[in-house]
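Visitor: Structure incoming, see below.
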Amino acid sequence: MEYVRPKALGEALDALAAFDDPTPLAGGTDLMVEVNLNHRRPDVVVSLRSLDELRRWDDTWIGAGVTFARLEGADDPALAQLARTVGSPQIRAAATLGGNLGTASPAADSLPFLAAADAHVVLKSTAGERRLRWDEFFVGPKQTVRRPDELIVGVELPSRPERQAFAKVGVRQAMVISMVSCCVLRDPSGPTRVALGSVGPTVLRATDAEEVASQAARLTDTDLDEFQRRVSAEVRPITDHRSTAEYRRHAAGVVARRALERCLR
Amino acid sequence: MNVNGRAVTADVEPRTLLVHFLRDDLGLTGTHIGCETSYCGACTVIVDGRTAKSCTMLAVQADGAEITTIEGLAADGELHPVQEGFWERHGLQCGYCTPGMIMSAVGLLSENPDPSEDEIRHGIEGNICRCTGYHNIVRAIEYAAAKMRGEEPAPAEWETQEVTA
């Protein structure tokens with residue numbers, strides 16, 4: 001295994017272009033587990049640790065190198081809430097937003113927030129820059145349109161409402177991969193966006209449910225019932241070793257409703 | 001890198017894990033290997049002020065870093081308050097998770113000197129103990145937190161609770 005340690009973004013992009021199938025390494029919380037389990041044997045690892053360019057973070061931009069430990073202090077309530085639930089302190093200190101995007105697990109904790117916020121993923125290579133909406137970037141479980149020579153440099157966040165909530169379901173409070181995760185963003189006047197993870201090949205938006213929730217500033221119990229029913233109808237879960245499709249479908253409606261109720265308070 | 005205050009220079013294979021480097025090259029076997037998948041926390045060390053799982057980190061990633069392992073806590077034969085807390089409040093049984101658990105507690109207390117019980121449990125959520133049920137570990141960390149703030153730790157529960165048989 002070759003280990004390349006670029007000192008700046010330009011050097012990193014050169015390295016990614018120079019090798020055949022290079023593997024970018026940020027916090028390593030996904031990659032190193034795969035390596036230890038012998039699921040992956042990377043020939044060339046490009047370390048992103050020294051790239052200060054990836055650590056920039058403001059209201060409209062989160063650099064790919066920002067760790068979940070830093071995101072715990074986010075002004076966006078849902079982003080702070082989800083960051084707090086990632087892994088454990090050791091994992092949050094190492095794991096980065098860019099890594100979460102690059103691994104593209106359907107269960108990745110940050111993705112419901114990014115999908116609900118309609119974030120764009122920005123990729124750079126020696127050939128230039130691409131800016132892709134979240135649903136153009138993720139194409140399947142652990143599959144994205146990133147080319148091997150491209151680096152995820154960050155996400156652009158459009159303006160978003162302050163009423164936000166994140167919730168997830170797992171078998172323990174920590175160190176588990178969620179069975180359902182959900183983020184709701186709501187403007188007090190009504191407009192609502194709801195995104196769910198772990199219940200489809202990629203993170204998804206429940207647009208029929210959004211329609212019900214968005215219709216009014218005040219929602220009745222009947223509206224909430226209908227919202228919950230639509231979320232359960234719209235998700236596309238599978239049965240695997242973590243949960244059954246039936247449970248996930250039910251839980252998706254329940255957690256989405258709870259997240260919405262938190263936004264209404 | 002600097003390990004427990006000592007400068008260390010070595011040539012390592014890129015694929016060498018930090019935990020193997022610490023144990024095999026430096027002989028610091030206090031850091032344990034548990035799951036090798038970042039799950040159990042037995043391998044926890046402090047890298048540049050923050051806890052890290054050394055089984056899923058390459059030694060080369062720690063190039064230039066300041067590392068503290070369990071061996072670096074006690075100064076001149078005097079136990080670190082967290083070590084003392086685990087001793088005084090019986091925070092261990094088999095001891096396998098203990099070095100990692102102690103390093104996580106040290107990391108937690110460096111960020112939050114006066115944690116609530118919930119905050120302690122949240123702080124050690126990345127460390128798994130199969131013996132104790134965590135109860136005495138939480139008490140041990142409370143003991144250490146009080147000591148480190150210069151306060152008198154609360155008496156042990158077994159000294160204050162009445163036992164009826």
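Each chain in the structure tokens gets a letter, A, B and so on, in the order shown; residues start at 1 in every chain, and ligands are counted from 1 in the order they appear.
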Determine, for each residue of range 80-126 of chain B having at least one atom at most 10 Å from an atom of range 168-183 of chain A, the closest pair of atoms and their separation in Å to one decimal, counting only C-alpha atoms; order by chain and ascending number, as a tab-separated table.
Guide:
```
residue	atom	partner	partner_atom	distance
B:His122	CA	A:Ala174	CA	8.2
B:Ile124	CA	A:Ala174	CA	9.7
B:Glu125	CA	A:Ala174	CA	6.0
B:Gly126	CA	A:Met175	CA	6.5
```
Visitor: Find the residues of chain A in contact range of chain B, meaning any atom within 7 Å when counting only C-alpha atoms, and list them as a ChimeraX atom specification.
Guide: /A:1-3,28-29,32-33,36,88-90,93,174-175
Visitor: Name all residues at most 9 Å from range 197-205 of chain A (count only C-alpha atoms; drop same-chain ones fewer than 3 positions away) and give them as a ChimeraX atom specification.
Guide: /A:104-109,111-112,115-116,135,138-143,168,177-183,193-194,208-210,234-238,245,248-249,252
Visitor: Please, could you write that set of residues out with N, CA and C atoms as a short mmCIF file (atom, residue, chain, number, x, y, z; two decimals), in the first residue's frame?
Guide:
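Saved result, part_28.cif, follows:
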```cif
data_model
loop_
_atom_site.label_atom_id
_atom_site.label_comp_id
_atom_site.auth_asym_id
_atom_site.auth_seq_id
_atom_site.Cartn_x
_atom_site.Cartn_y
_atom_site.Cartn_z
N ALA A 104 -21.40 7.12 1.41
CA ALA A 104 -22.77 7.10 0.86
C ALA A 104 -23.59 5.91 1.34
N SER A 105 -23.42 5.55 2.61
CA SER A 105 -24.29 4.53 3.17
C SER A 105 -25.71 5.06 3.19
N PRO A 106 -26.70 4.22 2.89
CA PRO A 106 -28.08 4.69 2.98
C PRO A 106 -28.42 5.15 4.41
N ALA A 107 -27.65 4.66 5.39
CA ALA A 107 -27.90 4.98 6.79
C ALA A 107 -27.06 6.15 7.28
N ALA A 108 -26.29 6.79 6.42
CA ALA A 108 -25.40 7.88 6.85
C ALA A 108 -26.20 8.96 7.57
N ASP A 109 -25.74 9.34 8.75
CA ASP A 109 -26.54 10.22 9.61
C ASP A 109 -26.73 11.63 9.07
N LEU A 111 -27.08 12.60 5.97
CA LEU A 111 -27.75 12.76 4.68
C LEU A 111 -29.20 13.25 4.78
N PRO A 112 -30.00 12.81 5.77
CA PRO A 112 -31.36 13.37 5.82
C PRO A 112 -31.35 14.89 5.95
N ALA A 115 -30.34 16.35 2.53
CA ALA A 115 -31.42 16.18 1.55
C ALA A 115 -32.57 17.14 1.84
N ALA A 116 -32.92 17.27 3.13
CA ALA A 116 -34.01 18.17 3.49
C ALA A 116 -33.62 19.62 3.18
N ASP A 135 -29.56 14.71 -4.82
CA ASP A 135 -30.18 13.55 -5.48
C ASP A 135 -29.54 13.23 -6.82
N PHE A 138 -26.05 11.02 -5.14
CA PHE A 138 -26.24 9.64 -4.66
C PHE A 138 -27.05 8.87 -5.68
N VAL A 139 -26.53 7.70 -6.09
CA VAL A 139 -27.26 6.94 -7.10
C VAL A 139 -27.66 5.55 -6.62
N GLY A 140 -27.18 5.12 -5.45
CA GLY A 140 -27.55 3.80 -4.94
C GLY A 140 -26.87 3.58 -3.61
N PRO A 141 -27.08 2.40 -3.00
CA PRO A 141 -26.42 2.13 -1.72
C PRO A 141 -24.90 2.17 -1.89
N LYS A 142 -24.24 3.04 -1.15
CA LYS A 142 -22.79 3.22 -1.24
C LYS A 142 -22.32 3.55 -2.66
N GLN A 143 -23.19 4.16 -3.44
CA GLN A 143 -22.81 4.53 -4.80
C GLN A 143 -23.09 6.01 -5.04
N LYS A 168 -33.63 9.41 15.02
CA LYS A 168 -33.29 8.13 14.41
C LYS A 168 -33.60 6.99 15.35
N ILE A 177 -25.76 1.49 13.71
CA ILE A 177 -26.20 2.00 12.42
C ILE A 177 -27.71 2.05 12.49
N SER A 178 -28.26 3.19 12.09
CA SER A 178 -29.70 3.39 12.33
C SER A 178 -30.55 2.51 11.42
N MET A 179 -31.74 2.19 11.91
CA MET A 179 -32.72 1.43 11.14
C MET A 179 -33.62 2.38 10.36
N VAL A 180 -33.80 3.57 10.90
CA VAL A 180 -34.52 4.66 10.24
C VAL A 180 -33.91 5.95 10.76
N SER A 181 -33.71 6.92 9.90
CA SER A 181 -33.32 8.25 10.38
C SER A 181 -34.15 9.27 9.61
N CYS A 182 -34.35 10.43 10.22
CA CYS A 182 -35.28 11.38 9.64
C CYS A 182 -34.92 12.81 10.02
N CYS A 183 -35.05 13.71 9.06
CA CYS A 183 -34.86 15.12 9.35
C CYS A 183 -36.05 15.90 8.80
N ARG A 193 -40.12 20.27 4.75
CA ARG A 193 -39.39 19.25 3.99
C ARG A 193 -39.02 18.11 4.93
N VAL A 194 -39.21 16.89 4.47
CA VAL A 194 -38.87 15.74 5.29
C VAL A 194 -38.05 14.75 4.47
N ASP A 208 -44.97 13.44 -0.88
CA ASP A 208 -46.43 13.44 -0.64
C ASP A 208 -46.72 13.89 0.80
N ALA A 209 -45.88 13.41 1.71
CA ALA A 209 -46.05 13.80 3.12
C ALA A 209 -45.75 15.28 3.29
N GLU A 210 -44.74 15.77 2.57
CA GLU A 210 -44.40 17.20 2.65
C GLU A 210 -45.61 18.06 2.27
N GLU A 234 -44.46 6.15 1.50
CA GLU A 234 -43.48 6.59 0.51
C GLU A 234 -42.11 5.96 0.64
N VAL A 235 -41.76 5.49 1.84
CA VAL A 235 -40.41 4.94 2.00
C VAL A 235 -40.29 3.60 1.27
N ARG A 236 -39.06 3.22 0.98
CA ARG A 236 -38.82 1.99 0.21
C ARG A 236 -37.83 1.10 0.93
N PRO A 237 -38.18 0.61 2.13
CA PRO A 237 -37.22 -0.14 2.94
C PRO A 237 -37.06 -1.59 2.47
N ILE A 238 -35.96 -2.19 2.89
CA ILE A 238 -35.75 -3.62 2.67
C ILE A 238 -35.59 -4.30 4.03
N ALA A 245 -38.38 -4.84 6.70
CA ALA A 245 -38.99 -3.75 5.92
C ALA A 245 -40.25 -3.24 6.61
N ARG A 248 -39.35 -1.03 9.58
CA ARG A 248 -38.81 0.25 9.12
C ARG A 248 -39.91 1.16 8.58
N ARG A 249 -40.84 0.55 7.83
CA ARG A 249 -41.93 1.34 7.25
C ARG A 249 -42.76 1.99 8.38
N ALA A 252 -40.62 4.61 10.32
CA ALA A 252 -40.37 5.82 9.54
C ALA A 252 -41.50 6.83 9.76
#
```
Visitor: Going by DSSP on the backbone, which residues of chain B come out as helix (DSSP H, G or I)? List them as a PyMOL selection string.
Guide: chain B and resi 18-25+54-56+59-62+70-72+81-88+98-111+117-123+135-148+157-160
Visitor: Name the residues in contact with range 139-151 of chain B at a cut-off of 7 Å, using only C-alpha atoms, excluding same-chain residues fewer than 2 positions from it; report them as a PyMOL selection string.
Guide: chain B and resi 81-82+85-86+89+91+105+109+113-114+135-137+153-154
Visitor: Just all heavy atoms for this one: save the residues we selected as an mmCIF file, in the first residue's frame.
Guide:
```
data_model
loop_
_atom_site.group_PDB
_atom_site.id
_atom_site.type_symbol
_atom_site.label_atom_id
_atom_site.label_comp_id
_atom_site.auth_asym_id
_atom_site.auth_seq_id
_atom_site.Cartn_x
_atom_site.Cartn_y
_atom_site.Cartn_z
ATOM 1 N N PRO B 81 -5.960 11.016 38.670
ATOM 2 C CA PRO B 81 -7.238 10.960 39.396
ATOM 3 C C PRO B 81 -8.241 9.964 38.799
ATOM 4 O O PRO B 81 -9.015 9.348 39.539
ATOM 5 C CB PRO B 81 -7.773 12.392 39.288
ATOM 6 C CG PRO B 81 -6.563 13.235 39.101
ATOM 7 C CD PRO B 81 -5.558 12.404 38.370
ATOM 8 N N VAL B 82 -8.237 9.808 37.481
ATOM 9 C CA VAL B 82 -9.182 8.850 36.885
ATOM 10 C C VAL B 82 -8.764 7.416 37.253
ATOM 11 O O VAL B 82 -9.603 6.576 37.585
ATOM 12 C CB VAL B 82 -9.274 9.025 35.352
ATOM 13 C CG1 VAL B 82 -10.221 7.978 34.765
ATOM 14 C CG2 VAL B 82 -9.785 10.428 34.999
ATOM 15 N N GLY B 85 -9.789 6.927 40.712
ATOM 16 C CA GLY B 85 -11.238 6.758 40.788
ATOM 17 C C GLY B 85 -11.647 5.323 40.469
ATOM 18 O O GLY B 85 -12.486 4.734 41.148
ATOM 19 N N PHE B 86 -11.042 4.738 39.442
ATOM 20 C CA PHE B 86 -11.367 3.354 39.075
ATOM 21 C C PHE B 86 -10.959 2.400 40.195
ATOM 22 O O PHE B 86 -11.619 1.387 40.426
ATOM 23 C CB PHE B 86 -10.694 2.968 37.739
ATOM 24 C CG PHE B 86 -11.512 3.339 36.534
ATOM 25 C CD1 PHE B 86 -11.735 4.673 36.210
ATOM 26 C CD2 PHE B 86 -12.082 2.366 35.723
ATOM 27 C CE1 PHE B 86 -12.508 5.028 35.113
ATOM 28 C CE2 PHE B 86 -12.864 2.713 34.621
ATOM 29 C CZ PHE B 86 -13.061 4.046 34.310
ATOM 30 N N ARG B 89 -13.423 3.297 43.399
ATOM 31 C CA ARG B 89 -14.858 3.036 43.212
ATOM 32 C C ARG B 89 -15.091 1.714 42.472
ATOM 33 O O ARG B 89 -16.177 1.475 41.959
ATOM 34 C CB ARG B 89 -15.533 4.194 42.475
ATOM 35 C CG ARG B 89 -15.626 5.461 43.306
ATOM 36 C CD ARG B 89 -16.513 5.282 44.534
ATOM 37 N NE ARG B 89 -16.528 6.473 45.370
ATOM 38 C CZ ARG B 89 -15.730 6.634 46.439
ATOM 39 N NH1 ARG B 89 -14.854 5.686 46.784
ATOM 40 N NH2 ARG B 89 -15.798 7.734 47.162
ATOM 41 N N GLY B 91 -14.138 0.446 39.554
ATOM 42 C CA GLY B 91 -14.656 0.671 38.205
ATOM 43 C C GLY B 91 -14.263 -0.389 37.197
ATOM 44 O O GLY B 91 -14.294 -0.129 35.995
ATOM 45 N N ALA B 105 -12.492 8.615 29.626
ATOM 46 C CA ALA B 105 -12.868 9.453 30.771
ATOM 47 C C ALA B 105 -11.948 10.669 30.858
ATOM 48 O O ALA B 105 -12.408 11.790 31.117
ATOM 49 C CB ALA B 105 -12.802 8.637 32.058
ATOM 50 N N LEU B 109 -13.255 14.499 30.658
ATOM 51 C CA LEU B 109 -13.036 15.478 31.732
ATOM 52 C C LEU B 109 -12.193 16.667 31.270
ATOM 53 O O LEU B 109 -12.285 17.753 31.839
ATOM 54 C CB LEU B 109 -12.408 14.805 32.956
ATOM 55 C CG LEU B 109 -13.298 13.744 33.637
ATOM 56 C CD1 LEU B 109 -12.583 13.106 34.807
ATOM 57 C CD2 LEU B 109 -14.637 14.332 34.073
ATOM 58 N N PRO B 113 -15.244 19.436 32.845
ATOM 59 C CA PRO B 113 -14.721 19.073 34.176
ATOM 60 C C PRO B 113 -15.816 18.704 35.171
ATOM 61 O O PRO B 113 -15.511 18.114 36.206
ATOM 62 C CB PRO B 113 -13.993 20.332 34.641
ATOM 63 C CG PRO B 113 -14.124 21.343 33.577
ATOM 64 C CD PRO B 113 -15.048 20.841 32.516
ATOM 65 N N ASP B 114 -17.069 19.050 34.875
ATOM 66 C CA ASP B 114 -18.137 18.784 35.836
ATOM 67 C C ASP B 114 -19.333 18.128 35.140
ATOM 68 O O ASP B 114 -20.428 18.690 35.088
ATOM 69 C CB ASP B 114 -18.561 20.111 36.499
ATOM 70 C CG ASP B 114 -19.472 19.872 37.707
ATOM 71 O OD1 ASP B 114 -19.656 18.711 38.111
ATOM 72 O OD2 ASP B 114 -20.013 20.877 38.216
ATOM 73 N N HIS B 135 -22.098 0.862 36.013
ATOM 74 C CA HIS B 135 -22.488 1.660 37.180
ATOM 75 C C HIS B 135 -21.265 2.215 37.917
ATOM 76 O O HIS B 135 -21.145 3.418 38.146
ATOM 77 C CB HIS B 135 -23.347 0.805 38.119
ATOM 78 C CG HIS B 135 -23.831 1.552 39.316
ATOM 79 N ND1 HIS B 135 -25.007 2.269 39.305
ATOM 80 C CD2 HIS B 135 -23.280 1.726 40.538
ATOM 81 C CE1 HIS B 135 -25.155 2.844 40.477
ATOM 82 N NE2 HIS B 135 -24.136 2.536 41.244
ATOM 83 N N ASN B 136 -20.347 1.310 38.292
ATOM 84 C CA ASN B 136 -19.179 1.765 39.054
ATOM 85 C C ASN B 136 -18.197 2.569 38.209
ATOM 86 O O ASN B 136 -17.410 3.352 38.747
ATOM 87 C CB ASN B 136 -18.464 0.561 39.697
ATOM 88 C CG ASN B 136 -19.224 0.050 40.914
ATOM 89 O OD1 ASN B 136 -20.220 0.655 41.324
ATOM 90 N ND2 ASN B 136 -18.749 -1.043 41.489
ATOM 91 N N ILE B 137 -18.248 2.365 36.901
ATOM 92 C CA ILE B 137 -17.402 3.185 36.023
ATOM 93 C C ILE B 137 -17.873 4.640 36.092
ATOM 94 O O ILE B 137 -17.065 5.569 36.204
ATOM 95 C CB ILE B 137 -17.445 2.647 34.571
ATOM 96 C CG1 ILE B 137 -16.754 1.275 34.514
ATOM 97 C CG2 ILE B 137 -16.787 3.629 33.607
ATOM 98 C CD1 ILE B 137 -16.822 0.586 33.168
ATOM 99 N N PRO B 153 -14.501 13.875 46.847
ATOM 100 C CA PRO B 153 -15.474 13.010 46.167
ATOM 101 C C PRO B 153 -16.549 12.519 47.138
ATOM 102 O O PRO B 153 -16.295 12.375 48.345
ATOM 103 C CB PRO B 153 -14.625 11.832 45.678
ATOM 104 C CG PRO B 153 -13.215 12.315 45.729
ATOM 105 C CD PRO B 153 -13.148 13.316 46.827
ATOM 106 N N ALA B 154 -17.749 12.285 46.616
ATOM 107 C CA ALA B 154 -18.823 11.726 47.434
ATOM 108 C C ALA B 154 -18.387 10.351 47.935
ATOM 109 O O ALA B 154 -17.659 9.643 47.244
ATOM 110 C CB ALA B 154 -20.090 11.605 46.594
#
```
